$ cat model.cif   # mmCIF, C-alpha atoms and all ligand atoms
data_input
#
loop_
_atom_site.label_atom_id
_atom_site.label_comp_id
_atom_site.auth_asym_id
_atom_site.auth_seq_id
_atom_site.Cartn_x
_atom_site.Cartn_y
_atom_site.Cartn_z
CA MET I 490 0.00 0.00 0.00
CA GLY I 491 2.93 2.33 0.74
CA ARG I 492 3.87 2.24 -2.92
CA THR I 493 0.74 4.16 -3.88
CA TYR I 494 2.42 7.44 -3.02
CA ASN I 495 5.94 6.56 -4.12
CA ARG I 496 5.59 8.04 -7.59
CA CYS I 497 7.32 10.86 -9.45
CA PRO I 498 4.91 13.84 -9.49
CA ARG I 499 6.22 14.85 -12.91
CA CYS I 500 6.24 11.68 -15.03
CA GLY I 501 4.33 9.27 -12.79
CA SER I 502 7.03 6.60 -12.69
CA SER I 503 7.27 4.52 -9.53
CA ASN I 504 10.87 3.63 -10.36
CA THR I 505 12.33 6.01 -7.79
CA ALA I 506 15.29 6.16 -5.42
CA THR I 507 15.38 7.56 -1.89
CA PHE I 508 18.18 9.95 -0.84
CA ILE I 509 20.34 8.87 2.05
CA ASP I 510 22.38 11.32 4.09
CA ARG I 511 25.64 9.61 4.89
CA TYR I 512 28.02 7.53 2.88
CA PRO I 513 27.47 3.92 3.88
CA PHE I 514 31.05 2.71 4.40
CA HIS I 515 31.59 -0.93 3.45
CA ASP I 516 27.99 -1.87 3.92
CA ASP I 517 27.23 -4.62 1.43
CA GLU I 518 23.50 -4.31 1.79
CA MET I 519 23.67 -0.58 1.16
CA LYS I 520 26.01 -1.06 -1.82
CA GLN I 521 23.48 -3.46 -3.28
CA LYS I 522 20.69 -0.92 -2.81
CA LEU I 523 22.83 1.78 -4.44
CA ASN I 524 23.55 -0.46 -7.40
CA SER I 525 19.90 -1.37 -7.77
CA GLY I 526 18.89 2.29 -7.91
CA LYS I 527 16.72 2.09 -4.82
CA VAL I 528 18.76 4.66 -2.94
CA VAL I 529 20.87 7.61 -4.04
CA LEU I 530 23.47 9.59 -2.07
CA GLY I 531 22.51 13.04 -0.83
CA GLU I 532 24.64 16.00 -1.86
CA CYS I 533 24.11 18.57 0.90
CA ARG I 534 23.54 21.33 -1.63
CA TYR I 535 20.21 22.47 -0.25
CA PRO I 536 19.78 24.99 2.58
CA ALA I 537 17.50 24.54 5.56
CA VAL I 538 14.86 26.98 6.77
CA SER I 539 13.15 27.60 10.07
CA VAL I 540 9.39 27.00 10.04
CA GLU I 541 7.77 28.08 13.29
CA GLY I 542 10.91 27.23 15.19
CA ALA I 543 11.60 23.88 13.53
CA ILE I 544 14.57 23.46 11.17
CA VAL I 545 13.47 21.96 7.86
CA PRO I 546 16.01 20.96 5.18
CA LEU I 547 14.71 21.99 1.75
CA GLY I 548 16.29 19.23 -0.31
CA PRO I 549 14.40 16.55 -2.18
CA THR I 550 14.11 13.13 -0.55
CA LYS I 551 13.60 11.16 -3.76
CA ARG I 552 14.95 10.91 -7.29
CA CYS I 553 13.06 9.57 -10.28
CA ASN I 554 15.06 6.93 -12.14
CA ALA I 555 12.89 7.43 -15.24
CA CYS I 556 13.03 11.20 -15.84
CA LYS I 557 16.00 11.88 -13.50
CA LYS I 558 14.19 14.63 -11.62
CA ASP I 559 14.51 15.04 -7.87
CA PHE I 560 11.28 15.34 -5.94
CA ALA I 561 9.54 14.98 -2.59
CA THR I 562 10.86 18.25 -1.21
CA PRO I 563 9.18 19.43 2.00
CA PRO I 564 5.99 21.45 1.28
CA ILE I 565 7.49 24.79 2.25
CA LEU I 566 6.55 28.14 0.72
CA ILE I 567 9.18 30.86 1.08
CA ASP I 568 8.08 34.46 0.65
CA SER I 569 10.41 35.97 -1.94
CA LYS I 570 10.33 39.41 -0.30
CA THR I 571 10.46 38.64 3.42
CA GLY I 572 12.16 35.24 3.30
CA VAL I 573 9.58 33.90 5.74
CA ALA I 574 9.09 30.15 5.35
CA GLU I 575 5.68 28.58 5.87
CA ASP I 576 4.38 25.05 5.59
CA TYR I 577 1.59 24.79 3.00
CA ARG I 578 -0.33 22.55 5.39
CA ASP I 579 -0.55 25.42 7.88
CA ILE I 580 -1.66 28.13 5.43
CA VAL I 581 -4.15 26.37 3.15
CA THR I 582 -7.69 27.60 3.88
CA SER I 583 -9.69 25.81 1.19
CA VAL I 584 -9.38 23.08 -1.39
CA ILE I 585 -11.82 22.97 -4.30
CA LEU I 586 -11.95 20.23 -6.91
CA SER I 587 -14.12 20.57 -10.04
CA VAL I 588 -14.49 17.78 -12.56
CA GLY I 589 -16.53 18.02 -15.73
CA GLY I 590 -17.06 16.83 -19.23
CA PHE I 591 -17.30 18.58 -22.56
CA ARG I 592 -21.03 17.88 -22.92
CA GLY I 593 -22.01 16.75 -19.47
CA GLY I 594 -22.21 18.54 -16.19
CA TRP I 595 -19.78 19.62 -13.56
CA THR I 596 -19.20 18.37 -10.05
CA GLU I 597 -17.53 20.62 -7.54
CA ILE I 598 -16.41 19.55 -4.10
CA SER I 599 -15.13 22.27 -1.83
CA VAL I 600 -13.51 21.81 1.56
CA LYS I 601 -13.25 25.05 3.51
CA LYS I 602 -11.39 25.29 6.79
CA ASN I 603 -13.33 26.65 9.76
CA LYS I 604 -12.99 26.80 13.54
CA SER I 605 -13.99 23.20 14.19
CA GLY I 606 -12.34 21.61 11.15
CA ALA I 607 -13.76 22.19 7.70
CA MET I 608 -17.04 22.33 5.78
CA VAL I 609 -17.44 20.03 2.81
CA CYS I 610 -19.91 21.07 0.08
CA VAL I 611 -20.81 19.12 -3.03
CA SER I 612 -22.54 20.78 -5.97
CA VAL I 613 -23.47 19.00 -9.15
CA MET I 614 -24.50 20.96 -12.23
CA GLY I 615 -25.71 19.77 -15.59
CA PRO I 616 -28.52 18.08 -17.48
CA ALA I 617 -28.35 14.71 -15.73
CA VAL I 618 -28.53 15.87 -12.12
CA SER I 619 -30.75 13.66 -9.97
CA GLU I 620 -31.94 13.73 -6.39
CA GLU I 621 -29.11 11.53 -5.23
CA ASP I 622 -26.67 14.22 -6.38
CA MET I 623 -28.05 16.60 -3.74
CA MET I 624 -25.58 16.12 -0.95
CA PRO I 625 -26.04 17.92 2.36
CA ASP I 626 -23.10 20.05 3.52
CA ARG I 627 -20.89 18.12 5.86
CA GLN I 628 -18.76 19.37 8.75
CA ILE I 629 -15.53 17.43 9.21
CA SER I 630 -13.25 17.46 12.24
CA ALA I 631 -9.93 19.28 12.51
CA LYS I 632 -8.29 15.85 12.44
CA GLU I 633 -9.91 15.03 9.09
CA TRP I 634 -8.86 18.42 7.67
CA LYS I 635 -5.30 17.77 8.81
CA ARG I 636 -5.37 14.35 7.18
CA LEU I 637 -6.52 15.96 3.92
CA VAL I 638 -3.72 18.54 3.74
CA ASP I 639 -1.18 15.94 4.92
CA THR I 640 -2.24 13.66 2.08
CA LEU I 641 -2.16 16.43 -0.54
CA TYR I 642 1.21 17.86 0.45
CA GLY I 643 3.01 15.21 2.49
CA LYS I 644 2.12 12.26 0.26
CA MET I 645 1.03 13.57 -3.16
CA ASN I 646 3.59 16.40 -3.26
CA LEU I 647 0.99 18.82 -4.58
CA HIS I 648 3.50 21.71 -4.40
CA GLU I 649 5.50 19.92 -7.13
CA TRP I 650 2.64 19.28 -9.56
CA LYS I 651 2.59 20.94 -12.95
CA LYS I 652 0.13 23.83 -13.24
CA LYS I 653 -1.45 22.32 -16.36
CA TYR I 654 -2.02 18.78 -17.57
CA VAL I 655 -3.23 19.03 -21.15
CA ILE I 656 -3.42 16.69 -24.11
CA PRO I 657 -4.09 19.05 -27.03
CA GLY I 658 -6.40 18.33 -29.91
CA VAL I 659 -9.03 16.32 -28.02
CA LEU I 660 -12.45 17.93 -28.31
CA GLU I 661 -14.42 15.73 -25.95
CA GLY I 662 -13.20 14.49 -22.66
CA THR I 663 -12.72 15.42 -19.07
CA GLN I 664 -11.70 18.79 -17.73
CA TRP I 665 -10.77 19.37 -14.13
CA LYS I 666 -9.50 22.08 -11.84
CA LEU I 667 -7.98 21.91 -8.39
CA GLU I 668 -7.93 25.25 -6.64
CA ILE I 669 -6.04 25.87 -3.43
CA LYS I 670 -6.68 29.01 -1.43
CA MET I 671 -4.27 30.15 1.24
CA THR I 672 -3.97 32.87 3.84
CA LYS I 673 -3.17 36.43 2.68
CA GLY I 674 -5.19 35.91 -0.53
CA ARG I 675 -2.66 33.53 -2.00
CA LYS I 676 -3.89 30.94 -4.49
CA ARG I 677 -2.72 27.99 -6.59
CA THR I 678 -4.64 26.56 -9.50
CA TYR I 679 -4.00 23.22 -11.19
CA LEU I 680 -5.84 22.49 -14.44
CA GLY I 681 -6.33 19.46 -16.60
CA ASP I 682 -7.78 18.74 -20.01
CA ASN I 683 -7.83 15.04 -20.83
CA ASP I 684 -4.60 14.61 -18.93
CA TYR I 685 -4.02 13.92 -15.27
CA PRO I 686 -1.34 14.08 -12.58
CA PRO I 687 0.10 10.76 -11.35
CA TYR I 688 -2.07 10.80 -8.24
CA TRP I 689 -5.34 11.54 -10.02
CA ARG I 690 -7.16 8.35 -8.96
CA ALA I 691 -5.91 8.78 -5.41
CA LEU I 692 -7.05 12.42 -5.44
CA LEU I 693 -10.58 11.48 -6.54
CA LYS I 694 -10.71 8.84 -3.82
CA VAL I 695 -9.71 11.37 -1.18
CA PHE I 696 -12.50 13.74 -2.26
CA GLU I 697 -15.05 10.92 -2.50
CA GLU I 698 -14.24 9.77 0.99
CA ILE I 699 -14.28 13.20 2.57
CA SER I 700 -17.60 14.19 0.93
CA GLY I 701 -19.44 10.87 0.83
CA TYR I 702 -20.12 11.56 -2.86
CA ALA I 703 -18.91 8.52 -4.77
CA LYS I 704 -19.68 9.54 -8.34
CA LEU I 705 -16.57 11.50 -9.33
ZN ZN D 801 9.86 11.15 -13.25
#
$ encode --input "model.cif" --output "structure tokens"
Amino acid sequence: MGRTYNRCPRCGSSNTATFIDRYPFHDDEMKQKLNSGKVVLGECRYPAVSVEGAIVPLGPTKRCNACKKDFATPPILIDSKTGVAEDYRDIVTSVILSVGGFRGGWTEISVKKNKSGAMVCVSVMGPAVSEEDMMPDRQISAKEWKRLVDTLYGKMNLHEWKKKYVIPGVLEGTQWKLEIKMTKGRKRTYLGDNDYPPYWRALLKVFEEISGYAKL
């Protein structure tokens, strides 16, 4: 099950290596792992930042053996003007996923943080909407909200996703949008048109579970 989230956020390959910090002197097992591409030596070329008093190294923890990109950096946003470092999981205030088709309707699931956790709202638009699409708003606990942002950033590496996933030239198909709102009016938007990030299925499952709406 752990493998589900062990994929390159750029190309989707699960053929990845994990960085290790120290050189493993004369350790046959480690040499074997190095040769097999399961681990890769760290290079200490990334700085660390302080996030609310905790020191967080900014380097990637994984390397993709397929596209050779490094990934799984900590989900830290550094303000370019002030240099202040914040963890995305602390500053996200709402997460909104919309999925739709060229001819069909749209489904939007929004999860908005509030004092006791977050409010989950499902709205379905389009010609084929039925009574079972009318979902009551649902309050989730702070623990469930935390699990959501942990999954998005800690496991799916959302901060490393491309902004657009598009296969051009297809007229009919699925469009989607994932919108992240943060404190201080900050926002991130991820769009797709017949193309999807590596964790697409997992993302849909997360939203289905949190909303109780299983028709995404
Ligand atoms: Zn890759």
$ closest_residue --input "model.cif" --among "I:Ala506, I:Val581, I:Cys553, I:Ala561" --to "Lys527 (chain I)" --atoms "only C-alpha atoms"
I:Ala506
$ residues_near_ligand --input "model.cif" --ligand "ligand ZN 801 (chain D)" --cutoff "6 Å" --atoms "all atoms listed in the file" --output "ChimeraX atom specification"
/I:497,499-502,553,555-556,558
$ atom_distance --input "model.cif" --atom1 "CA of Lys653 (chain I)" --atom2 "CA of Val540 (chain I)"
28.9 Å
$ closest_residue --input "model.cif" --among "I:Lys602, I:Lys570, I:Lys652, I:Arg675" --to "Lys635 (chain I)" --atoms "only C-alpha atoms"
I:Lys602
$ residues_near_point --input "model.cif" --point "(-9.0, 19.6, 8.4)" --cutoff "10 Å" --atoms "only C-alpha atoms" --output "list in words"
Arg578, Val581, Thr582, Ser583, Val600, Lys601, Lys602, Asn603, Lys604, Ser605, Gly606, Ala607, Met608, Gln628, Ile629, Ser630, Ala631, Lys632, Glu633, Trp634, Lys635, Arg636, Leu637, Val638 and Asp639 of chain I
$ closest_residue --input "model.cif" --among "I:Ala703, I:Leu680, I:Ile567, I:Ile509" --to "Met624 (chain I)" --atoms "all atoms listed in the file"
I:Ala703
$ residues_around --input "model.cif" --residues "Ser700 (chain I)" --least-positions-apart "6" --cutoff "9 Å" --atoms "all atoms listed in the file" --output "PyMOL selection string"
chain I and resi 598-600+609-611+624+626-627
$ closest_residue --input "model.cif" --among "I:Glu668, I:Glu649, I:Tyr702, I:Pro563" --to "Glu621 (chain I)" --atoms "all atoms listed in the file"
I:Tyr702
$ closest_residue --input "model.cif" --among "I:Leu647, I:Thr596, I:Ile699, I:Asp684" --to "Val659 (chain I)" --atoms "all atoms listed in the file"
I:Asp684
